[in-house]
Amino acid sequence: MVKIAIFASGSGTNFDNIMKKIASGALKHIEVTGLYTDKPDASCVALAREHQVEVYAYEPKHYASKKAFEAAICQQLKQDQVEWIVLAGFMRLIGETLLQAYENRILNIHPSLLPKYKGKHAVEQALNSGETMTGTTVHFVDAGMDTGKVIAQRQCPIYPDDCVSELEQRIKTLEYELYPEVIQKIIQ
Ligand code: GRF
């Protein structure tokens with residue numbers, strides 16, 4: 001078994017999907033040691049409880065610095081012998097403490113065809129760009145925002161009458177296939 005930790009800040013549907021793939025046997029030899037969040041009230045926490053996954057909530061406001069915040073997270077990760085970190089809607093830049101401890105062992109999924117549309121408004125920016133295709137990207141995490149080495153991408157169309165939520169949902173449908181596939185390949 002390879003131990004992974006999933007980090008999320010929001011709705012947690014990618015996390016939920018990964019847990020379901022593990023439960024169904026579609027994703028093998030992977031154990032999720034915990035759901036790490038900076039938002040203890042987020043929906044991802046309720047989903048973790050449903051899946052009986054341990055929740056580790058770390059709120060930056062309780063720490064003197066980013067370094068102290070990440071050191072606390074790191075201590076728990078090490079205690080649980082976590083080998084990989086999987087970001088699934090974790091809305092914070094990863095800092096040097098975690099990057100050094102997990103060099104080339106942090107994955108992220110982003111709702112655009114990187115290097116296009118980095119950051120929080122990727123879906124909206126793609127929609128407003130006038131382009132006809134967008135998609136999702138799984139990449140290694142480095143110190144930048146959505147700048148690490150691309151591992152895999154999948155594309156979907158943008159339709160002229162799309163609204164942001166429709167396009168977001170179309171992209172997430174791709175993510176639910178792509179992320180488990182990449183996790184299986186890379187992590188094992
Ligand atoms: C996904 O679209 C992912 O690409 C981005 O954040 C979103 C998380 O969604 N990084 P969810 O919380 O998994 O529903």
# chains A, B, ... in the order shown; residues from 1 in each chain; ligands from 1
$ residues_around --residues "Leu47 in chain A" --least-positions-apart "4" --cutoff "12 Å" --atoms "only C-alpha atoms" --output "list in words"
Ala8, Ser9, Gly10, Ser11, Gly12, Thr13, Asn14, Phe15, Asp16, Asn17, Ile18, Met19, Lys20, Gly34, Leu35, Pro40, Asp41, Ala42, Ser43, His51, Gln52, Val53, Glu54 and Val55 of chain A
$ write_last_selection --atoms "C-alpha atoms" --output "PDB file, in the first residue's frame"
ATOM      1  CA  ALA A   8      -8.836  20.113  -0.010  1.00  0.00           C
ATOM      2  CA  SER A   9     -10.479  23.422   0.895  1.00  0.00           C
ATOM      3  CA  GLY A  10     -13.889  23.270  -0.744  1.00  0.00           C
ATOM      4  CA  SER A  11     -16.598  20.994  -2.038  1.00  0.00           C
ATOM      5  CA  GLY A  12     -14.279  17.987  -2.196  1.00  0.00           C
ATOM      6  CA  THR A  13     -15.886  16.235  -5.149  1.00  0.00           C
ATOM      7  CA  ASN A  14     -12.511  15.099  -6.515  1.00  0.00           C
ATOM      8  CA  PHE A  15     -11.643  13.738  -3.067  1.00  0.00           C
ATOM      9  CA  ASP A  16     -15.044  11.971  -2.948  1.00  0.00           C
ATOM     10  CA  ASN A  17     -14.423  10.510  -6.390  1.00  0.00           C
ATOM     11  CA  ILE A  18     -10.976   9.196  -5.409  1.00  0.00           C
ATOM     12  CA  MET A  19     -12.425   7.547  -2.289  1.00  0.00           C
ATOM     13  CA  LYS A  20     -15.161   5.912  -4.362  1.00  0.00           C
ATOM     14  CA  GLY A  34      -6.335  11.666   5.926  1.00  0.00           C
ATOM     15  CA  LEU A  35      -8.117  14.628   4.459  1.00  0.00           C
ATOM     16  CA  PRO A  40     -12.839  23.021   8.865  1.00  0.00           C
ATOM     17  CA  ASP A  41     -16.395  23.937   7.758  1.00  0.00           C
ATOM     18  CA  ALA A  42     -15.965  23.024   4.104  1.00  0.00           C
ATOM     19  CA  SER A  43     -18.048  20.272   2.504  1.00  0.00           C
ATOM     20  CA  HIS A  51     -15.867   7.882   3.975  1.00  0.00           C
ATOM     21  CA  GLN A  52     -14.520   7.434   7.515  1.00  0.00           C
ATOM     22  CA  VAL A  53     -11.336   9.197   6.588  1.00  0.00           C
ATOM     23  CA  GLU A  54      -9.447  11.010   9.340  1.00  0.00           C
ATOM     24  CA  VAL A  55      -9.766  14.812   9.103  1.00  0.00           C
TER      25      VAL A  55
END
$ residues_around --residues "Glu181 in chain A" --least-positions-apart "6" --cutoff "12 Å" --atoms "only C-alpha atoms" --output "PyMOL selection string"
chain A and resi 17-18+21-22+26-28+138+151-154+174-175+187-188
$ closest_residue --among "A:Lys66, A:Arg92, A:Arg105, A:His110" --to "ligand 1" --atoms "only C-alpha atoms and all ligand atoms"
A:His110
$ select_by_dssp --residues "range 17-138 of chain A" --states "helix (DSSP H, G or I)" --output "PyMOL selection string"
chain A and resi 17-24+43-50+60-62+66-79+96-101+122-128
$ residues_around --residues "Thr137 in chain A" --least-positions-apart "3" --cutoff "12 Å" --atoms "only C-alpha atoms" --output "VMD selection string"
chain A and resid 88 107 to 118 122 134 140 to 141 146 to 156 171 to 172 174 to 179 182
$ write_last_selection --atoms "C-alpha atoms" --output "CSV table (one decimal), in the first residue's frame"
chain,number,residue,atom,x,y,z
A,88,ALA,CA,-7.7,18.4,-4.8
A,107,LEU,CA,0.3,16.4,-7.3
A,108,ASN,CA,-2.3,19.0,-8.3
A,109,ILE,CA,-5.3,19.1,-10.7
A,110,HIS,CA,-6.2,22.4,-12.3
A,111,PRO,CA,-9.3,23.2,-14.4
A,112,SER,CA,-7.6,24.5,-17.5
A,113,LEU,CA,-5.1,23.4,-20.2
A,114,LEU,CA,-2.0,24.8,-18.4
A,115,PRO,CA,0.0,26.9,-19.0
A,116,LYS,CA,-3.2,28.7,-19.9
A,117,TYR,CA,-5.3,30.3,-17.2
A,118,LYS,CA,-3.5,29.7,-14.0
A,122,ALA,CA,-9.4,29.5,-14.8
A,134,THR,CA,-10.5,23.9,-22.6
A,140,PHE,CA,3.6,18.3,-10.2
A,141,VAL,CA,3.5,21.1,-7.6
A,146,ASP,CA,-0.1,26.1,-11.2
A,147,THR,CA,3.4,26.3,-12.8
A,148,GLY,CA,4.8,22.8,-12.1
A,149,LYS,CA,5.7,20.2,-14.7
A,150,VAL,CA,2.6,18.9,-16.6
A,151,ILE,CA,1.9,15.2,-16.3
A,152,ALA,CA,-1.4,14.8,-18.2
A,153,GLN,CA,-4.2,16.8,-19.7
A,154,ARG,CA,-7.7,16.1,-21.0
A,155,GLN,CA,-9.8,18.3,-23.2
A,156,CYS,CA,-13.5,19.2,-23.6
A,171,ILE,CA,-14.3,19.9,-16.7
A,172,LYS,CA,-14.9,18.1,-13.4
A,174,LEU,CA,-13.0,14.9,-17.0
A,175,GLU,CA,-11.2,15.3,-13.7
A,176,TYR,CA,-13.0,12.4,-12.2
A,177,GLU,CA,-11.5,10.2,-14.8
A,178,LEU,CA,-8.1,11.7,-15.2
A,179,TYR,CA,-7.0,12.2,-11.6
A,182,VAL,CA,-2.7,9.6,-13.1
$ residues_around --residues "Phe69 in chain A" --least-positions-apart "2" --cutoff "12 Å" --atoms "only C-alpha atoms" --output "PyMOL selection string"
chain A and resi 37-38+57-67+71-76+92+94-98
$ atom_distance --atom1 "CA of Leu87 in chain A" --atom2 "atom 10 (N, counted along the ligand's line) of ligand 1"
7.3 Å
$ closest_residue --among "A:Leu93, A:Ala48, A:Ile85, A:Ile158" --to "Ser129 in chain A" --atoms "only C-alpha atoms"
A:Ile158
$ select_by_dssp --residues "chain A" --states "strand (DSSP E or B)" --output "JSON, numbers by chain"
{"A": [2, 3, 4, 5, 6, 7, 30, 31, 32, 33, 34, 35, 36, 37, 55, 56, 57, 84, 85, 86, 87, 106, 107, 108, 109, 110, 133, 134, 135, 136, 137, 138, 139, 140, 150, 151, 152, 153, 154, 155, 156, 157]}
$ atom_distance --atom1 "atom 7 (C, counted along the ligand's line) of ligand 1" --atom2 "CA of Pro157 in chain A"
18.1 Å
